[in-house]
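Have a look at the structure below before the remarks.
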Amino acid sequence: MFLPLITVICLSAALPAQNEWNELLKNSLAPKDAAAVLELKENKVHFYNEAQLLNLHRAGSVFKLITAAALFEAGLQDMEADCHGEQTAGLSAGQRCWLRAGHGHMDLRQAITKSCNVYFYKVSPLLPPGALQRQMALWNLDKLTGWHGEEARPLLPPALTAREVADCAIGDCDNLFVSGLTLLKLAAILSGNWAPAKDLNVPIELRHAMYRVVEQGTAKAAKDSAYQIAGKTGTARKMGSWRYEGWFIAFVPFENPRYALVVYTPDGQGKDAAAAANKLIKAIMERGISG
Ligand SMILES: [Zn+2]
């Protein structure tokens with residue numbers, strides 16, 4: 001006979017917390033942007049404009065983290081390469097880095113921090129056949145996250161030609177599409193503090209590289225003096241268009257993360273999504289919402 005009373009108490013306690021999250025997200029983001037924040041311990045997601053995060057997109061340079069994981073697994077993590085702004089040889093000849101002047105001499109950590117396309121064009125052909133697909137399977141990218149009943153199932157390539165490997169290595173191929181929730185799952189896995197991914201062996205160097213992305217790389221706009229943030233930007237071609245859209249994934253705090261998040265901006269680049277995340281992360285950390 002006590003059960004109904006308990007149910008009422010639980011509901012009344014949950015509603016104010018959810019309203020608080022809704023207000024926090026609305027007050028921290030522009031109306032056109034979208035975001036989802038995962039409480040890692042509770043495995044609970046809070047959405048803003050979630051429709052944008054449920055359908056499929058290119059991942060852009062966020063996918064370089066998967067490529068980097070493949071490089072680690074193949075023992076290629078110490079490869080170095082020069083970026084002069086354009087790939088001049090091989091199957092990707094003529095493809096440009098987003099920084100036309102070039103990034104100069106890069107190792108993997110610097111290539112993630114600066115999101116250098118040419119580095120990944122040069123190094124990804126060295127991966128063993130099937131290495132990228134293997135990582136996608138390890139990270140369960142083909143699976144729904146289960147965080148929303150209307151999310152689209154990712155479209156992953158069953159096989160990749162050598163040219164497609166290089167394109168997919170930077171998240172810009174025509175047969176690899178994921179949802180924003182898939183990218184949120186990536187952030188959760190990379191945090192190392194999300195229970196469903198505890199068995200996945202993510203190189204610690206990837207987390208450190210994500211910290212440098214925010215401290216001194218493409219996501220500097222997300223940096224906050226009070227909190228240590230790790231993240232990765234992505235600028236992706238929209239489906240059926242040559243216009244761009246921007247992604248930023250992150251986990252925070254860097255030590256013992258409590259939140260993973262994804263921010264999407266429909267008419268910008270990754271750096272714009274990172275800038276949009278700055279106010280959101282500050283609000284999350286300062287209010288210390290846990291419910
Ligand atoms: Zn470059």
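For the structure tokens, the naming scheme is as follows: chains receive sequential letters (A, B, ...) according to their order of presentation, residues are indexed from 1 within each chain, and ligands are indexed from 1 in presentation order.
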Counting only C-alpha atoms and all ligand atoms, what are the residues, protein, DNA or RNA alike, that approach ligand 1 to within 7 Å? I want them as a PDB file with N, CA and C atoms, in the first residue's frame.
```pdb
ATOM      1  N   CYS A  83      52.951  18.434 -43.347  1.00  0.00           N
ATOM      2  CA  CYS A  83      51.780  19.018 -44.012  1.00  0.00           C
ATOM      3  C   CYS A  83      52.177  20.353 -44.634  1.00  0.00           C
ATOM      4  N   HIS A  84      52.093  20.405 -45.969  1.00  0.00           N
ATOM      5  CA  HIS A  84      52.334  21.666 -46.679  1.00  0.00           C
ATOM      6  C   HIS A  84      51.022  22.251 -47.201  1.00  0.00           C
ATOM      7  N   GLY A  85      49.928  21.798 -46.614  1.00  0.00           N
ATOM      8  CA  GLY A  85      48.629  22.353 -46.994  1.00  0.00           C
ATOM      9  C   GLY A  85      47.887  21.539 -48.018  1.00  0.00           C
ATOM     10  N   CYS A  97      44.557  20.349 -46.876  1.00  0.00           N
ATOM     11  CA  CYS A  97      44.322  20.519 -45.455  1.00  0.00           C
ATOM     12  C   CYS A  97      43.452  21.760 -45.275  1.00  0.00           C
ATOM     13  N   TRP A  98      42.704  21.809 -44.183  1.00  0.00           N
ATOM     14  CA  TRP A  98      41.867  22.990 -43.960  1.00  0.00           C
ATOM     15  C   TRP A  98      42.738  24.226 -43.763  1.00  0.00           C
ATOM     16  N   LEU A  99      43.982  24.028 -43.293  1.00  0.00           N
ATOM     17  CA  LEU A  99      44.916  25.147 -43.156  1.00  0.00           C
ATOM     18  C   LEU A  99      45.777  25.183 -44.418  1.00  0.00           C
ATOM     19  N   GLY A 102      49.503  25.048 -44.448  1.00  0.00           N
ATOM     20  CA  GLY A 102      50.118  23.820 -43.955  1.00  0.00           C
ATOM     21  C   GLY A 102      50.480  23.906 -42.484  1.00  0.00           C
ATOM     22  N   HIS A 103      50.530  22.737 -41.849  1.00  0.00           N
ATOM     23  CA  HIS A 103      50.837  22.666 -40.419  1.00  0.00           C
ATOM     24  C   HIS A 103      52.301  22.368 -40.153  1.00  0.00           C
ATOM     25  N   CYS A 116      44.955  18.102 -38.376  1.00  0.00           N
ATOM     26  CA  CYS A 116      45.620  18.188 -39.688  1.00  0.00           C
ATOM     27  C   CYS A 116      45.128  17.087 -40.621  1.00  0.00           C
ATOM     28  N   ASN A 117      44.517  17.483 -41.727  1.00  0.00           N
ATOM     29  CA  ASN A 117      44.008  16.492 -42.687  1.00  0.00           C
ATOM     30  C   ASN A 117      45.140  15.748 -43.379  1.00  0.00           C
ATOM     31  N   VAL A 118      46.173  16.487 -43.796  1.00  0.00           N
ATOM     32  CA  VAL A 118      47.234  15.870 -44.602  1.00  0.00           C
ATOM     33  C   VAL A 118      47.953  14.775 -43.813  1.00  0.00           C
ATOM     34  N   TYR A 119      48.156  15.000 -42.521  1.00  0.00           N
ATOM     35  CA  TYR A 119      48.779  13.951 -41.705  1.00  0.00           C
ATOM     36  C   TYR A 119      47.980  12.646 -41.847  1.00  0.00           C
TER      37      TYR A 119
END
```
Inset, instruction - Extract, using only C-alpha atoms, all DNA, RNA and protein residues at most 12 Å from Val165 in chain A, discarding same-chain residues fewer than 4 positions from it, and format them as an MDAnalysis selection string. - result: chainID A and resid 63:64 67 70 91:92 120:133 157:161 169:176
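Ranking A:Ala162, A:Leu156, A:Ala277, A:Leu108 by their shortest atom-to-atom distance to Leu71 in chain A, with only C-alpha atoms included, puts A:Leu108 first.
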Residues of range 175-261 of chain A in alpha helix (DSSP H), written as a PDB file with N, CA and C atoms, in the first residue's frame:
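Output saved as selection-v9.pdb:
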```
ATOM      1  N   GLY A 180      24.269  12.501 -34.132  1.00  0.00           N
ATOM      2  CA  GLY A 180      24.906  13.228 -33.036  1.00  0.00           C
ATOM      3  C   GLY A 180      24.993  12.381 -31.780  1.00  0.00           C
ATOM      4  N   LEU A 181      24.020  11.483 -31.612  1.00  0.00           N
ATOM      5  CA  LEU A 181      24.071  10.603 -30.436  1.00  0.00           C
ATOM      6  C   LEU A 181      25.238   9.627 -30.532  1.00  0.00           C
ATOM      7  N   THR A 182      25.564   9.198 -31.766  1.00  0.00           N
ATOM      8  CA  THR A 182      26.742   8.343 -31.934  1.00  0.00           C
ATOM      9  C   THR A 182      27.994   9.088 -31.471  1.00  0.00           C
ATOM     10  N   LEU A 183      28.064  10.361 -31.818  1.00  0.00           N
ATOM     11  CA  LEU A 183      29.236  11.151 -31.421  1.00  0.00           C
ATOM     12  C   LEU A 183      29.258  11.383 -29.915  1.00  0.00           C
ATOM     13  N   LEU A 184      28.072  11.510 -29.314  1.00  0.00           N
ATOM     14  CA  LEU A 184      28.020  11.611 -27.852  1.00  0.00           C
ATOM     15  C   LEU A 184      28.541  10.318 -27.222  1.00  0.00           C
ATOM     16  N   LYS A 185      28.206   9.198 -27.834  1.00  0.00           N
ATOM     17  CA  LYS A 185      28.707   7.912 -27.321  1.00  0.00           C
ATOM     18  C   LYS A 185      30.235   7.871 -27.421  1.00  0.00           C
ATOM     19  N   LEU A 186      30.796   8.411 -28.519  1.00  0.00           N
ATOM     20  CA  LEU A 186      32.254   8.487 -28.639  1.00  0.00           C
ATOM     21  C   LEU A 186      32.848   9.274 -27.473  1.00  0.00           C
ATOM     22  N   ALA A 187      32.243  10.415 -27.180  1.00  0.00           N
ATOM     23  CA  ALA A 187      32.744  11.250 -26.077  1.00  0.00           C
ATOM     24  C   ALA A 187      32.676  10.489 -24.758  1.00  0.00           C
ATOM     25  N   ALA A 188      31.587   9.736 -24.571  1.00  0.00           N
ATOM     26  CA  ALA A 188      31.426   8.966 -23.333  1.00  0.00           C
ATOM     27  C   ALA A 188      32.505   7.892 -23.219  1.00  0.00           C
ATOM     28  N   ILE A 189      32.753   7.198 -24.329  1.00  0.00           N
ATOM     29  CA  ILE A 189      33.794   6.149 -24.316  1.00  0.00           C
ATOM     30  C   ILE A 189      35.155   6.773 -24.029  1.00  0.00           C
ATOM     31  N   LEU A 190      35.428   7.886 -24.706  1.00  0.00           N
ATOM     32  CA  LEU A 190      36.736   8.526 -24.543  1.00  0.00           C
ATOM     33  C   LEU A 190      36.940   9.085 -23.139  1.00  0.00           C
ATOM     34  N   SER A 191      35.858   9.381 -22.446  1.00  0.00           N
ATOM     35  CA  SER A 191      35.989   9.888 -21.072  1.00  0.00           C
ATOM     36  C   SER A 191      36.631   8.853 -20.155  1.00  0.00           C
ATOM     37  N   ILE A 204      45.292   6.051 -23.485  1.00  0.00           N
ATOM     38  CA  ILE A 204      45.233   7.246 -22.637  1.00  0.00           C
ATOM     39  C   ILE A 204      45.731   8.471 -23.408  1.00  0.00           C
ATOM     40  N   GLU A 205      46.605   8.220 -24.383  1.00  0.00           N
ATOM     41  CA  GLU A 205      47.140   9.342 -25.174  1.00  0.00           C
ATOM     42  C   GLU A 205      46.045  10.068 -25.937  1.00  0.00           C
ATOM     43  N   LEU A 206      44.979   9.350 -26.288  1.00  0.00           N
ATOM     44  CA  LEU A 206      43.882  10.022 -26.998  1.00  0.00           C
ATOM     45  C   LEU A 206      43.203  11.041 -26.094  1.00  0.00           C
ATOM     46  N   ARG A 207      43.044  10.673 -24.830  1.00  0.00           N
ATOM     47  CA  ARG A 207      42.421  11.613 -23.888  1.00  0.00           C
ATOM     48  C   ARG A 207      43.313  12.837 -23.701  1.00  0.00           C
ATOM     49  N   HIS A 208      44.606  12.607 -23.601  1.00  0.00           N
ATOM     50  CA  HIS A 208      45.517  13.745 -23.438  1.00  0.00           C
ATOM     51  C   HIS A 208      45.501  14.631 -24.693  1.00  0.00           C
ATOM     52  N   ALA A 209      45.421  13.980 -25.855  1.00  0.00           N
ATOM     53  CA  ALA A 209      45.356  14.762 -27.100  1.00  0.00           C
ATOM     54  C   ALA A 209      44.095  15.620 -27.113  1.00  0.00           C
ATOM     55  N   MET A 210      42.975  15.075 -26.627  1.00  0.00           N
ATOM     56  CA  MET A 210      41.729  15.849 -26.587  1.00  0.00           C
ATOM     57  C   MET A 210      41.842  17.032 -25.619  1.00  0.00           C
ATOM     58  N   TYR A 211      42.587  16.856 -24.567  1.00  0.00           N
ATOM     59  CA  TYR A 211      42.807  17.975 -23.642  1.00  0.00           C
ATOM     60  C   TYR A 211      43.582  19.091 -24.356  1.00  0.00           C
ATOM     61  N   ARG A 212      44.584  18.694 -25.141  1.00  0.00           N
ATOM     62  CA  ARG A 212      45.366  19.704 -25.868  1.00  0.00           C
ATOM     63  C   ARG A 212      44.539  20.376 -26.966  1.00  0.00           C
ATOM     64  N   VAL A 213      43.562  19.658 -27.520  1.00  0.00           N
ATOM     65  CA  VAL A 213      42.682  20.266 -28.540  1.00  0.00           C
ATOM     66  C   VAL A 213      42.013  21.513 -27.966  1.00  0.00           C
ATOM     67  N   VAL A 214      41.601  21.428 -26.708  1.00  0.00           N
ATOM     68  CA  VAL A 214      40.920  22.569 -26.073  1.00  0.00           C
ATOM     69  C   VAL A 214      41.931  23.587 -25.560  1.00  0.00           C
ATOM     70  N   GLU A 215      43.042  23.120 -25.021  1.00  0.00           N
ATOM     71  CA  GLU A 215      44.030  24.031 -24.440  1.00  0.00           C
ATOM     72  C   GLU A 215      44.738  24.873 -25.500  1.00  0.00           C
ATOM     73  N   GLN A 216      45.071  24.251 -26.640  1.00  0.00           N
ATOM     74  CA  GLN A 216      45.921  24.955 -27.605  1.00  0.00           C
ATOM     75  C   GLN A 216      45.582  24.623 -29.059  1.00  0.00           C
TER      76      GLN A 216
END
```
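The coordinates place CA of Gln110 in chain A at 10.5 Å from CA of Ala81 in chain A.
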Restricting to only C-alpha atoms, whichever of A:Ser225, A:Ser241, A:Asn55, A:Thr218 is closest to Asp272 in chain A is A:Thr218
Which of range 23-272 of chain A end up as strand (DSSP E) when DSSP is run on this backbone - answer as an NGL selection string? :A and (34-39 or 44-48 or 56-57 or 80-83 or 104-107 or 178-179 or 230-237 or 244-252 or 259-265)
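Between CA of Gln52 in chain A and CA of Asp142 in chain A the separation is 18.9 Å.
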inquiry  = I'd like to know which of A:Trp21, A:Tyr48, A:Trp139, A:Phe248 is closest to Leu261 in chain A, using only C-alpha atoms.
reply    =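 Ranking A:Trp21, A:Tyr48, A:Trp139, A:Phe248 by distance to Leu261 in chain A, first place goes to A:Phe248.
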ask   = For Gln95 in chain A, which residue among A:Ala166, A:Gln135, A:Val45, A:Ala226 is the nearest when counting only C-alpha atoms?
value =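 Of A:Ala166, A:Gln135, A:Val45, A:Ala226, the one nearest Gln95 in chain A, counting only C-alpha atoms, is A:Ala166.
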| said: To one decimal place in Å, what is the distance between CA of Gln87 in chain A and CA of Met106 in chain A? | reply: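 It comes out at 13.8 Å.
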### Query
So, counting only C-alpha atoms, which residue among A:Ala59, A:Leu25, A:Ile281, A:Ala276 is closest to Ile229 in chain A?
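Closest residue, counting only C-alpha atoms: A:Ile281.
For the set A:Ser179, A:His105, A:Ala221, A:Lys114, the residue with the smallest atom-to-atom gap to Leu141 in chain A is A:Ser179, counting only C-alpha atoms.
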